[in-house]
file work_5.pdb (PDB, C-alpha atoms, pLDDT in the B column)
ATOM      1  CA  MET H   1     -36.731  33.205  58.471  1.00 80.00           C
ATOM      2  CA  LYS H   2     -34.763  30.206  59.757  1.00 78.00           C
ATOM      3  CA  LYS H   3     -37.988  28.485  60.710  1.00 81.00           C
ATOM      4  CA  SER H   4     -39.482  28.844  57.214  1.00 81.00           C
ATOM      5  CA  ILE H   5     -36.299  27.518  55.592  1.00 84.00           C
ATOM      6  CA  PHE H   6     -36.336  24.559  57.989  1.00 78.00           C
ATOM      7  CA  VAL H   7     -40.007  23.805  57.166  1.00 79.00           C
ATOM      8  CA  LEU H   8     -39.296  24.093  53.436  1.00 76.00           C
ATOM      9  CA  CYS H   9     -36.288  21.715  53.681  1.00 76.00           C
ATOM     10  CA  ALA H  10     -38.295  19.244  55.779  1.00 75.00           C
ATOM     11  CA  ALA H  11     -41.182  19.294  53.284  1.00 72.00           C
ATOM     12  CA  LEU H  12     -38.859  18.717  50.333  1.00 71.00           C
ATOM     13  CA  THR H  13     -36.984  15.946  52.138  1.00 73.00           C
ATOM     14  CA  LEU H  14     -40.130  14.083  53.170  1.00 69.00           C
ATOM     15  CA  SER H  15     -41.749  14.335  49.747  1.00 62.00           C
ATOM     16  CA  ALA H  16     -38.602  13.493  47.786  1.00 59.00           C
ATOM     17  CA  CYS H  17     -39.645   9.892  47.126  1.00 61.00           C
ATOM     18  CA  SER H  18     -42.996  10.880  45.678  1.00 62.00           C
ATOM     19  CA  LEU H  19     -41.510  13.378  43.218  1.00 65.00           C
ATOM     20  CA  PHE H  20     -39.803  10.718  41.117  1.00 70.00           C
ATOM     21  CA  PRO H  21     -41.356   7.869  39.114  1.00 74.00           C
ATOM     22  CA  PRO H  22     -41.242   4.370  40.633  1.00 75.00           C
ATOM     23  CA  PRO H  23     -38.125   2.293  39.969  1.00 77.00           C
ATOM     24  CA  TYR H  24     -37.946   0.190  36.820  1.00 79.00           C
ATOM     25  CA  LYS H  25     -38.783  -3.473  37.330  1.00 80.00           C
ATOM     26  CA  VAL H  26     -37.194  -5.852  34.860  1.00 82.00           C
ATOM     27  CA  PRO H  27     -39.683  -8.291  33.323  1.00 82.00           C
ATOM     28  CA  VAL H  28     -38.627 -11.796  34.332  1.00 83.00           C
ATOM     29  CA  GLU H  29     -39.614 -14.638  32.018  1.00 83.00           C
ATOM     30  CA  GLN H  30     -39.061 -18.240  33.047  1.00 85.00           C
ATOM     31  CA  GLY H  31     -39.852 -21.500  31.362  1.00 85.00           C
ATOM     32  CA  ASN H  32     -40.774 -22.542  27.849  1.00 86.00           C
ATOM     33  CA  LEU H  33     -42.420 -19.977  25.592  1.00 86.00           C
ATOM     34  CA  ILE H  34     -44.812 -22.002  23.422  1.00 88.00           C
ATOM     35  CA  THR H  35     -46.404 -20.262  20.449  1.00 87.00           C
ATOM     36  CA  GLU H  36     -49.765 -21.033  18.816  1.00 89.00           C
ATOM     37  CA  GLU H  37     -47.897 -22.403  15.792  1.00 92.00           C
ATOM     38  CA  GLN H  38     -45.911 -24.861  17.928  1.00 91.00           C
ATOM     39  CA  LEU H  39     -49.050 -25.931  19.786  1.00 90.00           C
ATOM     40  CA  SER H  40     -50.925 -26.556  16.519  1.00 91.00           C
ATOM     41  CA  GLN H  41     -48.070 -28.780  15.244  1.00 93.00           C
ATOM     42  CA  LEU H  42     -48.157 -30.919  18.390  1.00 94.00           C
ATOM     43  CA  LYS H  43     -50.038 -34.165  17.648  1.00 93.00           C
ATOM     44  CA  VAL H  44     -50.812 -37.357  19.535  1.00 94.00           C
ATOM     45  CA  GLY H  45     -48.582 -40.151  18.248  1.00 95.00           C
ATOM     46  CA  MET H  46     -45.377 -38.088  18.013  1.00 95.00           C
ATOM     47  CA  SER H  47     -42.178 -39.555  19.445  1.00 95.00           C
ATOM     48  CA  GLU H  48     -40.300 -38.010  22.377  1.00 93.00           C
ATOM     49  CA  SER H  49     -37.538 -36.783  20.059  1.00 94.00           C
ATOM     50  CA  GLN H  50     -40.070 -35.079  17.762  1.00 95.00           C
ATOM     51  CA  VAL H  51     -41.668 -33.305  20.724  1.00 95.00           C
ATOM     52  CA  THR H  52     -38.246 -32.233  22.028  1.00 94.00           C
ATOM     53  CA  TYR H  53     -37.350 -30.895  18.567  1.00 95.00           C
ATOM     54  CA  LEU H  54     -40.627 -28.963  18.363  1.00 95.00           C
ATOM     55  CA  LEU H  55     -40.908 -27.573  21.920  1.00 93.00           C
ATOM     56  CA  GLY H  56     -37.435 -27.980  23.414  1.00 92.00           C
ATOM     57  CA  ASN H  57     -36.605 -29.702  26.666  1.00 92.00           C
ATOM     58  CA  PRO H  58     -39.401 -29.767  29.243  1.00 92.00           C
ATOM     59  CA  MET H  59     -39.172 -27.608  32.348  1.00 88.00           C
ATOM     60  CA  VAL H  60     -40.014 -30.525  34.661  1.00 86.00           C
ATOM     61  CA  LYS H  61     -39.458 -34.257  34.259  1.00 86.00           C
ATOM     62  CA  ASP H  62     -40.816 -35.929  37.365  1.00 82.00           C
ATOM     63  CA  LEU H  63     -38.711 -38.793  38.718  1.00 87.00           C
ATOM     64  CA  PHE H  64     -41.813 -40.600  39.940  1.00 91.00           C
ATOM     65  CA  LYS H  65     -43.661 -40.116  36.629  1.00 89.00           C
ATOM     66  CA  PRO H  66     -40.936 -40.327  33.949  1.00 88.00           C
ATOM     67  CA  ASN H  67     -43.543 -40.493  31.158  1.00 92.00           C
ATOM     68  CA  GLU H  68     -45.022 -37.103  32.083  1.00 94.00           C
ATOM     69  CA  TRP H  69     -43.402 -33.891  30.837  1.00 93.00           C
ATOM     70  CA  HIS H  70     -44.349 -30.421  32.080  1.00 92.00           C
ATOM     71  CA  TYR H  71     -43.786 -27.274  30.018  1.00 91.00           C
ATOM     72  CA  LEU H  72     -44.282 -24.231  32.262  1.00 89.00           C
ATOM     73  CA  TYR H  73     -44.088 -20.504  31.513  1.00 85.00           C
ATOM     74  CA  THR H  74     -44.338 -17.548  33.896  1.00 84.00           C
ATOM     75  CA  SER H  75     -43.759 -13.841  33.458  1.00 79.00           C
ATOM     76  CA  LEU H  76     -43.266 -11.441  36.368  1.00 80.00           C
ATOM     77  CA  TYR H  77     -43.814  -7.718  35.770  1.00 75.00           C
ATOM     78  CA  PRO H  78     -45.051  -8.168  32.180  1.00 72.00           C
ATOM     79  CA  THR H  79     -44.844  -5.239  29.786  1.00 73.00           C
ATOM     80  CA  PRO H  80     -46.687  -4.711  26.495  1.00 74.00           C
ATOM     81  CA  GLU H  81     -43.535  -5.937  24.718  1.00 74.00           C
ATOM     82  CA  THR H  82     -43.439  -9.187  26.724  1.00 73.00           C
ATOM     83  CA  PRO H  83     -44.459 -12.124  24.509  1.00 74.00           C
ATOM     84  CA  THR H  84     -47.383 -14.227  25.642  1.00 76.00           C
ATOM     85  CA  SER H  85     -47.298 -17.998  25.628  1.00 74.00           C
ATOM     86  CA  ALA H  86     -50.051 -20.089  24.095  1.00 71.00           C
ATOM     87  CA  ALA H  87     -49.643 -22.562  26.964  1.00 75.00           C
ATOM     88  CA  ASP H  88     -48.701 -21.521  30.488  1.00 83.00           C
ATOM     89  CA  ASP H  89     -48.898 -25.092  31.801  1.00 88.00           C
ATOM     90  CA  LEU H  90     -48.676 -27.856  29.219  1.00 91.00           C
ATOM     91  CA  ILE H  91     -48.574 -31.489  30.385  1.00 92.00           C
ATOM     92  CA  LEU H  92     -47.609 -34.205  27.915  1.00 94.00           C
ATOM     93  CA  THR H  93     -47.921 -37.913  28.717  1.00 94.00           C
ATOM     94  CA  PHE H  94     -45.983 -40.586  26.837  1.00 95.00           C
ATOM     95  CA  ASP H  95     -46.432 -44.348  26.618  1.00 94.00           C
ATOM     96  CA  ASN H  96     -43.440 -46.335  25.293  1.00 93.00           C
ATOM     97  CA  GLY H  97     -41.931 -43.168  23.824  1.00 92.00           C
ATOM     98  CA  VAL H  98     -45.114 -42.117  21.989  1.00 95.00           C
ATOM     99  CA  LEU H  99     -47.209 -39.051  22.894  1.00 95.00           C
ATOM    100  CA  VAL H 100     -50.562 -40.215  24.284  1.00 96.00           C
ATOM    101  CA  THR H 101     -52.234 -37.190  25.920  1.00 94.00           C
ATOM    102  CA  ILE H 102     -51.909 -33.416  25.703  1.00 93.00           C
ATOM    103  CA  GLU H 103     -53.264 -31.349  28.623  1.00 91.00           C
ATOM    104  CA  ASN H 104     -53.280 -27.576  28.225  1.00 86.00           C
ATOM    105  CA  ASP H 105     -54.719 -25.119  30.735  1.00 72.00           C
TER     106      ASP H 105
END

call {"tool": "encode", "arguments": {"input": "work_5.pdb", "output": "structure tokens"}}
result
Amino acid sequence: MKKSIFVLCAALTLSACSLFPPPYKVPVEQGNLITEEQLSQLKVGMSESQVTYLLGNPMVKDLFKPNEWHYLYTSLYPTPETPTSAADDLILTFDNGVLVTIEND
């Protein structure tokens, strides 16, 4: 009798982790969420202030390339409710304060 109770307790203890659902993982969003509407409004010839007004501040401004702005977006553990970005890696190049090139992955 004691042996069967011990085996039952051991089985329940060892399988305890598999009886419950996995822990909740919070979706982590980082960077600039750029929508299709914002991307369609972005045009070559815009000034730096117009781009900042439209997209916000860039995620990365390289010290060695001050005319190149990087807008990055990542999402860890995405859920169906997590918004998707139209551009995960958007690189904008300026010349004398005017947008010259738009590179979108």

call {"tool": "closest_atom_pairs", "arguments": {"input": "work_5.pdb", "of": "region 28-91 of chain H", "to": "region 101-104 of chain H", "cutoff": "8 Å", "atoms": "all atoms listed in the file", "output": "tab-separated table"}}
result
residue	atom	partner	partner_atom	distance
H:Val44	CA	H:Thr101	CA	6.5
H:Ala87	CA	H:Asn104	CA	6.3
H:Asp88	CA	H:Asn104	CA	7.9
H:Asp89	CA	H:Asn104	CA	6.2
H:Leu90	CA	H:Asn104	CA	4.7
H:Ile91	CA	H:Glu103	CA	5.0

call {"tool": "residues_around", "arguments": {"input": "work_5.pdb", "residues": "Lys25 (chain H)", "least_positions_apart": "2", "cutoff": "8 Å", "atoms": "all atoms listed in the file", "output": "MDAnalysis selection string"}}
result
chainID H and resid 23 27 77

call {"tool": "atom_distance", "arguments": {"input": "work_5.pdb", "atom1": "CA of Thr74 (chain H)", "atom2": "CA of Val26 (chain H)"}}
result
13.7 Å

call {"tool": "resolve_selection", "arguments": {"input": "work_5.pdb", "expression": "the PyMOL selection byres ((chain H and resi 31-43) around 10)", "output": "ChimeraX atom specification"}}
result
/H:29-30,44-47,50-51,54-60,70-75,83-90,99-102,104

call {"tool": "closest_residue", "arguments": {"input": "work_5.pdb", "among": "H:Leu8, H:Glu81, H:Ser49, H:Leu76", "to": "Phe94 (chain H)", "atoms": "only C-alpha atoms"}}
result
H:Ser49

call {"tool": "atom_distance", "arguments": {"input": "work_5.pdb", "atom1": "CA of Pro66 (chain H)", "atom2": "CA of Val28 (chain H)"}}
result
28.6 Å

call {"tool": "atom_distance", "arguments": {"input": "work_5.pdb", "atom1": "CA of Thr79 (chain H)", "atom2": "CA of Asp105 (chain H)"}}
result
22.2 Å

call {"tool": "closest_residue", "arguments": {"input": "work_5.pdb", "among": "H:Tyr53, H:Thr82, H:Thr93, H:Glu48", "to": "Trp69 (chain H)", "atoms": "all atoms listed in the file"}}
result
H:Thr93
